[in-house]
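Comments concern the structure below.
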Amino acid sequence: MQSPLPTFPEQASNFAGNVDALFSFILMTTLFFAVLVTLLIIFAAFKFRRRSEKEVGDDVHGNNVLEVGWTLIPTIIAIGIFAWGAAIYVNYRIAPTDTLDIYVVGKQWMWKLQQPNGRKEINELHIPVGRNVKLILGSEDVIHDFYVPAFRVKMDVVPGRYNTMWFRPVKTGKYHFFCSQYCGTNHAVMGGWVTVMEPAEYAAWLSGESGDVNPVSAGERLFTQFACVTCHLSNGTGRAPSLNGVFGANVLLADGSTVVADEAYIRESILQPNAKIVAGYQPVMPTFQGLVTEEQIGNLTAYIKSLQSQPVPAKGAGIAPSPAGKK
Ligand code: HEC
Ligand SMILES: [Cu+2]
């Protein structure tokens with residue numbers, strides 16, 4: 001559900017609705033009194049203004065109804081806000097007992113997360129929808145803070161101790177998490193994604209059946225995900241050379257030299273595509289520097305390697321008419 005306040009993140013946990021309702025209530029109450037007091041000041045300034053030099057003000061000795069009213073009403077509202085906030089806070093601080101426990105370690109400048117069965121992730125958290133999740137948070141160096149806006153939860157991550165927090169995701173999807181405690185140079189990029197999955201999907205993911213343990217199929221998926229496939233058509237008719245048979249072959253470059261397509265070349269092609277231009281092609285490939293992780297580069301390379309055995313199109317590949325021996 002999109003939050004009723006249009007500038008708010010999605011409401012994706014059990015806490016989100018109540019936190020937003022309290023926030024809106026405080027906002028509306030303060031807005032109401034701010035407007036009321038301002039209007040009364042303006043009204044009084046006009047109504048009771050001094051009309052002549054000789055005019056003397058009335059001798060007012062207080063008004064008990066007013067005094068009691070403007071003490072009691074704000075007190076009741078403030079206590080109400082306190083009680084409402086405290087109820088949310090207590091609920092949030094006392095985790096239920098049936099939680100899925102995830103260990104989270106913050107470290108300049110990344111998050112390491114571990115599932116109960118030992119499966120580790122970096123800057124990613126996979127959890128099942130509808131299940132109570134408890135995060136057990138520790139830090140390897142300085143104070144960080146784990147913050148998931150869509151869940152309306154955050155907690156400091158302090159070296160030398162564990163902090164915990166819990167929540168129950170109520171809808172599937174991907175939600176950003178952040179470090180919200182300034183922790184040094186790369187604080188701003190210290191974040192990642194929570195992926196909330198259907199329980200069956202999560203179970204499959206947890207036991208490693210999601211396919212991403214196999215680097216070739218993971219790479220193939222990334223090849224589509226990063227839209228490499230839109231330029232690198234395998235039949236050679238795309239804007240980019242077919243990658244069939246490229247790995248291990250000699251590639252003819254625009255400057256007339258050749259280069260062996262090894263891991264380093266593939267890596268460079270992804271991160272600095274303009275360093276070596278394949279003969280007959282334009283330097284239109286965007287850099288993926290900062291977009292792909294080391295692991296993803298590894299997977300993409302594994303996939304491109306697996307294309308070694310695919311038929312090379314007659315036209316539309318960057319492979320040099322190689323001297324005998326080299327494929
Ligand atoms: C906008 C189109 C486009 C996209 C998207 C694109 N490329 Fe390229 N790529 C090219 C072009 C054009 C070349 C050849 C010119 C050059 O070397 O830069 C190339 C060259 C390459 C080469 C060297 C190929 C050879 O025959 O020597 C590799 C490897 C490569 N790309 C991998 C990738 C991967 C992996 C992705 C996705 C992460 C990707 N490309 C996305 C256009 C693209
Ligand atoms: Cu941090």
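For the structure tokens, the naming scheme is as follows: chains receive sequential letters (A, B, ...) according to their order of presentation, residues are indexed from 1 within each chain, and ligands are indexed from 1 in presentation order.
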
Neighbour list for stretch 224-227 of chain A as number ranges by chain, cut-off 12 Å, only C-alpha atoms, skip fewer than 4 positions in-chain: A: 217-220, 231-233, 270, 285-288, 291-292, 296-297, 300, 303

What residues have any atom no more than 6 Å from ligand 1 when counting only C-alpha atoms and all ligand atoms, and can you list them as a CSV table (one decimal) with N, CA and C atoms, in the first residue's frame?
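After the write, part.csv holds the following:
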```csv
chain,number,residue,atom,x,y,z
A,223,PHE,N,23.1,-10.7,-17.7
A,223,PHE,CA,23.3,-10.3,-19.1
A,223,PHE,C,22.0,-9.7,-19.6
A,226,PHE,N,21.1,-6.3,-17.1
A,226,PHE,CA,21.9,-5.1,-17.4
A,226,PHE,C,21.7,-4.7,-18.9
A,227,ALA,N,20.8,-5.4,-19.6
A,227,ALA,CA,20.5,-5.0,-21.0
A,227,ALA,C,21.7,-5.2,-21.9
A,228,CYS,N,22.7,-6.0,-21.5
A,228,CYS,CA,23.8,-6.3,-22.4
A,228,CYS,C,23.3,-7.0,-23.7
A,231,CYS,N,22.3,-5.1,-27.0
A,231,CYS,CA,23.3,-4.7,-28.0
A,231,CYS,C,24.0,-5.9,-28.5
A,239,ARG,N,24.0,-3.9,-32.4
A,239,ARG,CA,24.9,-2.8,-32.4
A,239,ARG,C,26.3,-3.2,-31.9
A,240,ALA,N,26.4,-4.3,-31.3
A,240,ALA,CA,27.6,-4.7,-30.7
A,240,ALA,C,28.0,-6.1,-31.2
A,241,PRO,N,29.3,-6.5,-31.1
A,241,PRO,CA,29.7,-7.8,-31.6
A,241,PRO,C,29.0,-8.9,-30.8
A,243,LEU,N,29.0,-12.2,-28.8
A,243,LEU,CA,30.1,-12.7,-27.9
A,243,LEU,C,30.3,-14.2,-28.0
A,246,VAL,N,34.0,-15.7,-28.5
A,246,VAL,CA,35.0,-14.6,-28.2
A,246,VAL,C,36.0,-15.0,-27.2
A,251,VAL,N,40.9,-10.8,-30.7
A,251,VAL,CA,40.0,-9.8,-31.1
A,251,VAL,C,40.7,-8.7,-31.8
A,266,ILE,N,37.8,-9.1,-20.6
A,266,ILE,CA,36.3,-9.0,-20.4
A,266,ILE,C,36.0,-8.0,-19.3
A,269,SER,N,36.5,-4.6,-20.6
A,269,SER,CA,35.4,-4.2,-21.5
A,269,SER,C,34.1,-3.8,-20.8
A,270,ILE,N,33.9,-4.4,-19.6
A,270,ILE,CA,32.7,-4.0,-18.9
A,270,ILE,C,32.9,-2.7,-18.1
A,273,PRO,N,34.8,0.3,-21.2
A,273,PRO,CA,34.5,-0.2,-22.6
A,273,PRO,C,35.3,0.6,-23.6
A,274,ASN,N,35.7,1.8,-23.3
A,274,ASN,CA,36.4,2.6,-24.4
A,274,ASN,C,37.9,2.4,-24.4
A,276,LYS,N,39.5,-0.3,-25.2
A,276,LYS,CA,39.9,-1.1,-26.4
A,276,LYS,C,38.6,-1.2,-27.2
A,277,ILE,N,38.6,-0.6,-28.4
A,277,ILE,CA,37.4,-0.7,-29.2
A,277,ILE,C,37.6,-1.8,-30.3
A,278,VAL,N,36.5,-2.6,-30.4
A,278,VAL,CA,36.6,-3.7,-31.4
A,278,VAL,C,36.4,-3.1,-32.8
A,281,TYR,N,33.2,-1.3,-34.9
A,281,TYR,CA,32.1,-0.9,-34.0
A,281,TYR,C,32.4,0.5,-33.4
A,282,GLN,N,31.3,1.1,-33.0
A,282,GLN,CA,31.3,2.4,-32.4
A,282,GLN,C,31.5,2.3,-30.9
A,283,PRO,N,32.2,3.3,-30.3
A,283,PRO,CA,32.4,3.2,-28.8
A,283,PRO,C,31.1,3.6,-28.1
A,284,VAL,N,30.0,2.9,-28.3
A,284,VAL,CA,28.7,3.2,-27.7
A,284,VAL,C,28.4,2.5,-26.4
A,285,MET,N,29.3,1.5,-26.0
A,285,MET,CA,28.9,0.8,-24.8
A,285,MET,C,29.1,1.6,-23.6
A,300,LEU,N,29.3,-12.7,-15.0
A,300,LEU,CA,29.2,-12.3,-16.4
A,300,LEU,C,30.3,-12.9,-17.2
A,317,ALA,N,31.0,-10.4,-35.4
A,317,ALA,CA,31.8,-10.8,-34.3
A,317,ALA,C,33.1,-10.1,-34.3
A,318,GLY,N,33.7,-9.8,-33.2
A,318,GLY,CA,35.0,-9.1,-33.2
A,318,GLY,C,36.2,-9.9,-33.4
```

Find, counting only C-alpha atoms and all ligand atoms, the residue in A:Gly191, A:Gly208, A:Gly236, A:Gly57 that gets nearest to ligand 2. A:Gly191

Taking only residues of stretch 135-159 of chain A that have an atom at most 12 Å from an atom of stretch 18-24 of chain A, what is each one's shortest atom pair and its distance in Å to one decimal, using only C-alpha atoms, in chain and number order, as JSON lines?
```
{"residue": "A:Pro149", "atom": "CA", "partner": "A:Val19", "partner_atom": "CA", "distance": 11.2}
{"residue": "A:Ala150", "atom": "CA", "partner": "A:Asp20", "partner_atom": "CA", "distance": 10.9}
{"residue": "A:Phe151", "atom": "CA", "partner": "A:Val19", "partner_atom": "CA", "distance": 9.7}
{"residue": "A:Arg152", "atom": "CA", "partner": "A:Val19", "partner_atom": "CA", "distance": 7.1}
{"residue": "A:Val153", "atom": "CA", "partner": "A:Val19", "partner_atom": "CA", "distance": 9.6}
```

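Shortest atom-to-atom contact with ligand 2 among A:Val105, A:Ala302, A:Val259, A:Ile319: A:Val105, counting only C-alpha atoms and all ligand atoms.
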
For a test of reading the model, state the distance in Å between atom CA of A:Ser207 and atom CA of A:Gly118, rounded to one decimal. 10.4 Å

Expected answer as an MDAnalysis selection string: residues within 7 Å of ligand 2, only C-alpha atoms and all ligand atoms: chainID A and resid 106:109 143:145 179:183 187 190

Pull N, CA and C atoms from the residues just selected and write them as a CSV table (one decimal), in the first residue's frame.
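Below you can see selection_1.csv, which holds the result:
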```
chain,number,residue,atom,x,y,z
A,106,GLY,N,27.8,-4.4,10.6
A,106,GLY,CA,28.2,-3.1,9.9
A,106,GLY,C,29.7,-2.9,10.0
A,107,LYS,N,30.2,-2.4,8.9
A,107,LYS,CA,31.7,-2.3,8.8
A,107,LYS,C,31.9,-1.2,7.8
A,108,GLN,N,32.9,-0.3,8.0
A,108,GLN,CA,33.1,0.7,7.0
A,108,GLN,C,33.5,0.1,5.7
A,109,TRP,N,32.7,0.1,4.6
A,109,TRP,CA,31.4,0.7,4.5
A,109,TRP,C,30.5,-0.3,3.8
A,143,ILE,N,30.2,3.5,15.0
A,143,ILE,CA,28.7,3.4,15.1
A,143,ILE,C,28.1,3.6,13.7
A,144,HIS,N,27.3,2.6,13.3
A,144,HIS,CA,26.5,2.7,12.1
A,144,HIS,C,25.0,2.7,12.6
A,145,ASP,N,24.1,2.7,11.6
A,145,ASP,CA,22.7,2.6,12.0
A,145,ASP,C,22.0,2.0,10.8
A,179,CYS,N,22.6,3.1,5.8
A,179,CYS,CA,23.3,3.5,7.1
A,179,CYS,C,22.9,4.9,7.4
A,180,SER,N,22.3,5.1,8.5
A,180,SER,CA,21.8,6.5,8.8
A,180,SER,C,22.6,7.1,10.0
A,181,GLN,N,23.8,6.7,10.1
A,181,GLN,CA,24.7,7.3,11.1
A,181,GLN,C,26.0,7.6,10.4
A,182,TYR,N,26.3,8.9,10.3
A,182,TYR,CA,27.5,9.3,9.6
A,182,TYR,C,28.7,8.5,10.1
A,183,CYS,N,29.4,7.7,9.2
A,183,CYS,CA,30.4,6.8,9.7
A,183,CYS,C,31.7,6.9,8.9
A,187,HIS,N,30.1,6.7,3.8
A,187,HIS,CA,28.9,6.5,4.5
A,187,HIS,C,27.7,6.5,3.6
A,190,MET,N,26.8,3.3,1.9
A,190,MET,CA,26.7,2.1,2.8
A,190,MET,C,25.2,1.8,2.9
```

Using DSSP assignments from the backbone, pull out every residue in stretch 78-141 of chain A that falls under helix (DSSP H, G or I) and give it to me as an MDAnalysis selection string. chainID A and resid 78:93

Which of stretch 135-246 of chain A fall in strand (DSSP E), as an MDAnalysis selection string: chainID A and resid 135:139 144:148 153:157 163:167 173:179 191:197

Saved selection, atoms kept: C-alpha atoms, as a PDB file, in the first residue's frame:
```pdb
ATOM      1  CA  LEU A 135      17.951  -8.388  13.259  1.00  0.00           C
ATOM      2  CA  ILE A 136      20.862  -8.811  15.641  1.00  0.00           C
ATOM      3  CA  LEU A 137      23.152  -5.926  14.907  1.00  0.00           C
ATOM      4  CA  GLY A 138      26.860  -5.544  15.618  1.00  0.00           C
ATOM      5  CA  SER A 139      29.652  -3.336  14.319  1.00  0.00           C
ATOM      6  CA  HIS A 144      26.485   2.679  12.131  1.00  0.00           C
ATOM      7  CA  ASP A 145      22.718   2.592  11.965  1.00  0.00           C
ATOM      8  CA  PHE A 146      20.493   0.169  10.083  1.00  0.00           C
ATOM      9  CA  TYR A 147      17.515   1.943   8.563  1.00  0.00           C
ATOM     10  CA  VAL A 148      14.733   0.586   6.335  1.00  0.00           C
ATOM     11  CA  VAL A 153      12.462   0.870  11.576  1.00  0.00           C
ATOM     12  CA  LYS A 154      15.993   1.913  12.428  1.00  0.00           C
ATOM     13  CA  MET A 155      18.517   0.996  15.062  1.00  0.00           C
ATOM     14  CA  ASP A 156      22.031   2.091  15.969  1.00  0.00           C
ATOM     15  CA  VAL A 157      24.756  -0.480  15.366  1.00  0.00           C
ATOM     16  CA  ASN A 163      21.426  -4.241  19.406  1.00  0.00           C
ATOM     17  CA  THR A 164      18.292  -5.883  18.100  1.00  0.00           C
ATOM     18  CA  MET A 165      15.194  -4.816  16.256  1.00  0.00           C
ATOM     19  CA  TRP A 166      12.267  -6.648  14.747  1.00  0.00           C
ATOM     20  CA  PHE A 167       9.578  -6.152  12.145  1.00  0.00           C
ATOM     21  CA  GLY A 173       9.146  -6.301  -3.111  1.00  0.00           C
ATOM     22  CA  LYS A 174      12.535  -4.626  -2.941  1.00  0.00           C
ATOM     23  CA  TYR A 175      13.145  -1.947  -0.357  1.00  0.00           C
ATOM     24  CA  HIS A 176      16.198   0.246   0.105  1.00  0.00           C
ATOM     25  CA  PHE A 177      18.110   0.168   3.363  1.00  0.00           C
ATOM     26  CA  PHE A 178      20.646   2.723   4.479  1.00  0.00           C
ATOM     27  CA  CYS A 179      23.272   3.456   7.075  1.00  0.00           C
ATOM     28  CA  GLY A 191      23.345   0.614   1.966  1.00  0.00           C
ATOM     29  CA  GLY A 192      21.562  -2.054   0.015  1.00  0.00           C
ATOM     30  CA  TRP A 193      18.269  -3.799  -0.608  1.00  0.00           C
ATOM     31  CA  VAL A 194      15.860  -5.888   1.360  1.00  0.00           C
ATOM     32  CA  THR A 195      14.102  -8.383  -0.885  1.00  0.00           C
ATOM     33  CA  VAL A 196      10.828  -9.601   0.586  1.00  0.00           C
ATOM     34  CA  MET A 197       9.795 -12.884  -1.044  1.00  0.00           C
TER      35      MET A 197
END
```

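Compared by their closest atoms to A:Ala95, and using only C-alpha atoms, the residues A:Asn132, A:Phe32, A:Ile73, A:Tyr265 rank with A:Asn132 nearest.
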
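For the set A:Trp205, A:Ala264, A:Thr172, A:Pro199, the residue with the smallest atom-to-atom gap to A:Asn117 is A:Trp205, counting only C-alpha atoms.
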